[in-house]
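This report refers to the structure that appears directly beneath it.
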Amino acid sequence: MVSRPAPASAALPPMTGEDAPPGFDAFGRAVLEDVRDAVFLADADGVLRWANPAARALTGGAEPRLHPLTETSGHVEAAAHRRPARIRALPGGWHSWTVPAEDVPQRHVGDFLAEAGPRLAGARGRHGTARVIAELAASALADTVFVLLPTTRGRWEWWSCERPSAHGHGRIRRVPAQAAPVLTATFAATGTPRPAAVPAAEVSALPSAVADHLAGHAEVTVVSLGPSVSAGVTGALLLGRRADPEFGAEQARAVGEFARAAGTALANAQRYARQEEATRGLETTLRPVDPPELDGARFETWYEPAGGVLAVGGDFYDVLPHDDGSAFLVLGDICGKGAEAAALTGRVRHALTALAMVERDGRTLLRLLNELLIAGGSSRFATLVLGTATPVEGGVDLTLASGGHPAPLIVRRAGEVEEVTVPGTLVGISPQARFAEAQVRLGRGDMCLLYTDGITEARNRHDPTELFGDDRLRAVLTAAAGKPAREVVRRLRQAVRDWLGSSAHDDIAVLAVECSG
């Protein structure tokens, strides 16, 4: 009798039909799945075809080899370890190799919890965390596992896992306390998790989606998933076992400590979900919206915050139409980046939106905003360029005021790039700040580009000391002169991204105003 390894890998598939030994039906397979002895089955050619869960635990994922010594004895070798085995001849030339349970190393509670910890920590969201909890519990604590968590409309949401890897998910009605007192009491319990046996009558009272899968188990226990009152999590873990507990006398400790870790993972998932919801709400209110179109003028934008928790930053733009066909426009840069800069950005944008409803003079708007920022006590400052775009016969008139911002650039259709000189001091630094205003007309095909220093201060992917700079910006604009604003901004975006490569960058905002005729 010569043994060969499994043809594919140590992860042996279930056998059906002609691949199985004679008489190896579903009943026999189910029995072998639950025995504590490690059982390997080899076919008539000596090829290893199947191993039960105890055998897979014995090999630890390594490829097992079966070495016969006599017709009835041998040893199993895996991962440089050998275990004595009994060999039994089966019909059709097959053989079973059995390593008695006393020779199978039992798992330790600490090892199981150490394995479970990283997977619980890496789970994401309520659904993903509950599914991982069910999988881990089914791998060591029970044959059938249900994770029950409260949901809306008086229902429970459940996730299940049955050995070896059958998953389920759904919702069921909540069972009244009088019909399931043990489960109900455990569900709302917090503190140290303590497993409790669930009577058969109580199991039967559960909806069939759960009760049918737990029927016939030797023992069904339940343990709370609520780590503490402050965590705000309630839930229960139902465990059904058909055989002896894997951890023996340590089973209750294994269940309790796992439930505590699982409850903490759920609480973290719930906390992160609330944070993500709040983040999405902030992003919705802080992120600039697409500008409107005016008769005779079009606007094109590029908005790319620096990486961070929020998909918004300290750069911003806004275009607000007036009833007379003109539009208020602003582009700014709040000192810094991240959540604090984004919060101040929201204040500035909301203040300007309100002020622009009653005031159109750019210098006055900057002066009022300067006073608001100083009175608010913020240590941050801003640079802005704002004004009015007014379509007129033959072009678009721009009136621009600046507070310490990079000068707007006019890209003429013929190819010239002009700088609009608008002196002004930083906004939010000094009560004596002074601001100026300039006027310029765009002809058909001309464009005005407002931008933040995230463009000119973009660092080269090969040499971080080299900046994109004003000259490269002007070169891109000159080459794209006469093109629609969308194409000009596209070329600028591509040039800056090629310059940056995969390196980090500051917040970037671009607002282009095009005279469309």
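Residue numbers start at 1 in each chain; chains themselves are named A, B, ... in the order of the structure tokens; ligands are numbered from 1 in the order shown.
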Which of segment 285-476 of chain A fall in helix (DSSP H, G or I), as an NGL selection string: :A and (285-286 or 339-355 or 362-376 or 453-456 or 469-476)
Residue neighbourhood segment 29-33 of chain A, 8 Å, only C-alpha atoms, exclusion window fewer than 3 positions, as a PyMOL selection string: chain A and resi 24-26+39+52-54
All residues 9 Å or closer to segment 212-224 of chain A, only C-alpha atoms, same chain fewer than 2 positions away omitted, as a count of residues only: 48
Contact residues around segment 350-362 of chain A with only C-alpha atoms at 9 Å, ignoring same-chain residues under 6 positions, as a PyMOL selection string: chain A and resi 318+320+322+328+330+368-369+372+385-388+399-402+435-437
Which of A:His505, A:Arg82, A:Arg434, A:Arg363 sits closest to Pro305 of chain A [using only C-alpha atoms]: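 Once distances to Pro305 of chain A are computed over only C-alpha atoms, the minimum belongs to A:His505.
The coordinates place atom CA of Ala481 of chain A at 22.4 Å from atom CA of Leu329 of chain A.
Near segment 132-137 of chain A, within 8 Å and counting only C-alpha atoms, sit Ala116, Arg119, Leu120, Ala123, Gly128, Leu141, Ala142, Val145, Phe146, Val147, Trp159, Ser160, Cys161, Ser165, Leu239 and Ala262 of chain A, not including residues fewer than 4 positions from it in the same chain.
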Long-range neighbours of Phe381 of chain A as a PyMOL selection string, 7 Å cut-off, only C-alpha atoms, 3 positions minimum in chain: chain A and resi 334-335+426-429
Output of the above residues as a CSV table (one decimal), in the first residue's frame, restricted to C-alpha atoms:
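Output (result_22.csv):
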```
chain,number,residue,atom,x,y,z
A,334,ILE,CA,-7.7,78.9,3.6
A,335,CYS,CA,-4.4,78.5,5.4
A,426,LEU,CA,-4.2,88.6,3.4
A,427,VAL,CA,-7.7,88.2,4.8
A,428,GLY,CA,-8.1,87.7,8.5
A,429,ILE,CA,-4.7,89.0,9.7
```
Residue contacts of Val417 of chain A (10 Å, only C-alpha atoms) excluding same-chain residues fewer than 2 positions away, as a list in words: Leu409, Ile410, Val411, Arg412, Arg413, Ala414, Gly415, Glu419, Val420, Asp446, Met447, Cys448, Arg474, Ala475, Leu477, Thr478 and Ala481 of chain A
Take the residues from that selection and write them out as a PDB file, in the first residue's frame, keeping N, CA, C and O atoms.
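Final output, saved to out05.pdb:
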```pdb
ATOM      1  N   LEU A 409      -5.149  85.199 -14.295  1.00  0.00           N
ATOM      2  CA  LEU A 409      -4.481  85.205 -15.594  1.00  0.00           C
ATOM      3  C   LEU A 409      -5.536  85.244 -16.700  1.00  0.00           C
ATOM      4  O   LEU A 409      -6.509  84.477 -16.663  1.00  0.00           O
ATOM      5  N   ILE A 410      -5.317  86.117 -17.681  1.00  0.00           N
ATOM      6  CA  ILE A 410      -6.204  86.206 -18.831  1.00  0.00           C
ATOM      7  C   ILE A 410      -5.520  85.509 -20.007  1.00  0.00           C
ATOM      8  O   ILE A 410      -4.382  85.848 -20.363  1.00  0.00           O
ATOM      9  N   VAL A 411      -6.181  84.532 -20.573  1.00  0.00           N
ATOM     10  CA  VAL A 411      -5.660  83.804 -21.730  1.00  0.00           C
ATOM     11  C   VAL A 411      -6.436  84.291 -22.953  1.00  0.00           C
ATOM     12  O   VAL A 411      -7.617  83.968 -23.121  1.00  0.00           O
ATOM     13  N   ARG A 412      -5.759  85.106 -23.768  1.00  0.00           N
ATOM     14  CA  ARG A 412      -6.401  85.643 -24.947  1.00  0.00           C
ATOM     15  C   ARG A 412      -6.456  84.596 -26.058  1.00  0.00           C
ATOM     16  O   ARG A 412      -5.583  83.727 -26.153  1.00  0.00           O
ATOM     17  N   ARG A 413      -7.491  84.731 -26.859  1.00  0.00           N
ATOM     18  CA  ARG A 413      -7.689  83.782 -27.951  1.00  0.00           C
ATOM     19  C   ARG A 413      -6.488  83.749 -28.894  1.00  0.00           C
ATOM     20  O   ARG A 413      -6.135  82.701 -29.431  1.00  0.00           O
ATOM     21  N   ALA A 414      -5.817  84.905 -29.046  1.00  0.00           N
ATOM     22  CA  ALA A 414      -4.673  84.979 -29.961  1.00  0.00           C
ATOM     23  C   ALA A 414      -3.405  84.338 -29.397  1.00  0.00           C
ATOM     24  O   ALA A 414      -2.421  84.163 -30.114  1.00  0.00           O
ATOM     25  N   GLY A 415      -3.379  84.024 -28.111  1.00  0.00           N
ATOM     26  CA  GLY A 415      -2.228  83.337 -27.547  1.00  0.00           C
ATOM     27  C   GLY A 415      -1.533  84.057 -26.425  1.00  0.00           C
ATOM     28  O   GLY A 415      -0.664  83.479 -25.757  1.00  0.00           O
ATOM     29  N   GLU A 419      -1.457  89.020 -16.962  1.00  0.00           N
ATOM     30  CA  GLU A 419      -1.691  88.976 -15.512  1.00  0.00           C
ATOM     31  C   GLU A 419      -2.526  90.189 -15.099  1.00  0.00           C
ATOM     32  O   GLU A 419      -2.228  91.317 -15.508  1.00  0.00           O
ATOM     33  N   VAL A 420      -3.563  89.943 -14.315  1.00  0.00           N
ATOM     34  CA  VAL A 420      -4.399  91.023 -13.799  1.00  0.00           C
ATOM     35  C   VAL A 420      -3.834  91.440 -12.436  1.00  0.00           C
ATOM     36  O   VAL A 420      -3.902  90.690 -11.469  1.00  0.00           O
ATOM     37  N   ASP A 446     -11.787  84.357 -25.251  1.00  0.00           N
ATOM     38  CA  ASP A 446     -10.853  84.656 -24.164  1.00  0.00           C
ATOM     39  C   ASP A 446     -11.294  83.928 -22.884  1.00  0.00           C
ATOM     40  O   ASP A 446     -12.459  83.551 -22.735  1.00  0.00           O
ATOM     41  N   MET A 447     -10.348  83.782 -21.968  1.00  0.00           N
ATOM     42  CA  MET A 447     -10.628  83.059 -20.722  1.00  0.00           C
ATOM     43  C   MET A 447      -9.857  83.695 -19.585  1.00  0.00           C
ATOM     44  O   MET A 447      -8.714  84.135 -19.761  1.00  0.00           O
ATOM     45  N   CYS A 448     -10.473  83.750 -18.416  1.00  0.00           N
ATOM     46  CA  CYS A 448      -9.803  84.187 -17.186  1.00  0.00           C
ATOM     47  C   CYS A 448      -9.643  82.984 -16.271  1.00  0.00           C
ATOM     48  O   CYS A 448     -10.608  82.250 -16.020  1.00  0.00           O
ATOM     49  N   ARG A 474       2.144  79.223 -17.226  1.00  0.00           N
ATOM     50  CA  ARG A 474       1.930  80.094 -18.372  1.00  0.00           C
ATOM     51  C   ARG A 474       2.175  79.352 -19.685  1.00  0.00           C
ATOM     52  O   ARG A 474       1.491  79.581 -20.687  1.00  0.00           O
ATOM     53  N   ALA A 475       3.164  78.438 -19.674  1.00  0.00           N
ATOM     54  CA  ALA A 475       3.451  77.685 -20.893  1.00  0.00           C
ATOM     55  C   ALA A 475       2.279  76.793 -21.283  1.00  0.00           C
ATOM     56  O   ALA A 475       1.924  76.690 -22.466  1.00  0.00           O
ATOM     57  N   LEU A 477      -0.879  77.330 -20.527  1.00  0.00           N
ATOM     58  CA  LEU A 477      -1.975  78.195 -20.963  1.00  0.00           C
ATOM     59  C   LEU A 477      -1.714  78.760 -22.353  1.00  0.00           C
ATOM     60  O   LEU A 477      -2.635  78.858 -23.182  1.00  0.00           O
ATOM     61  N   THR A 478      -0.484  79.123 -22.629  1.00  0.00           N
ATOM     62  CA  THR A 478      -0.156  79.652 -23.955  1.00  0.00           C
ATOM     63  C   THR A 478      -0.394  78.614 -25.036  1.00  0.00           C
ATOM     64  O   THR A 478      -0.955  78.910 -26.097  1.00  0.00           O
ATOM     65  N   ALA A 481      -4.145  78.253 -25.720  1.00  0.00           N
ATOM     66  CA  ALA A 481      -4.905  79.466 -26.021  1.00  0.00           C
ATOM     67  C   ALA A 481      -5.832  79.240 -27.206  1.00  0.00           C
ATOM     68  O   ALA A 481      -5.468  78.592 -28.195  1.00  0.00           O
TER      69      ALA A 481
END
```
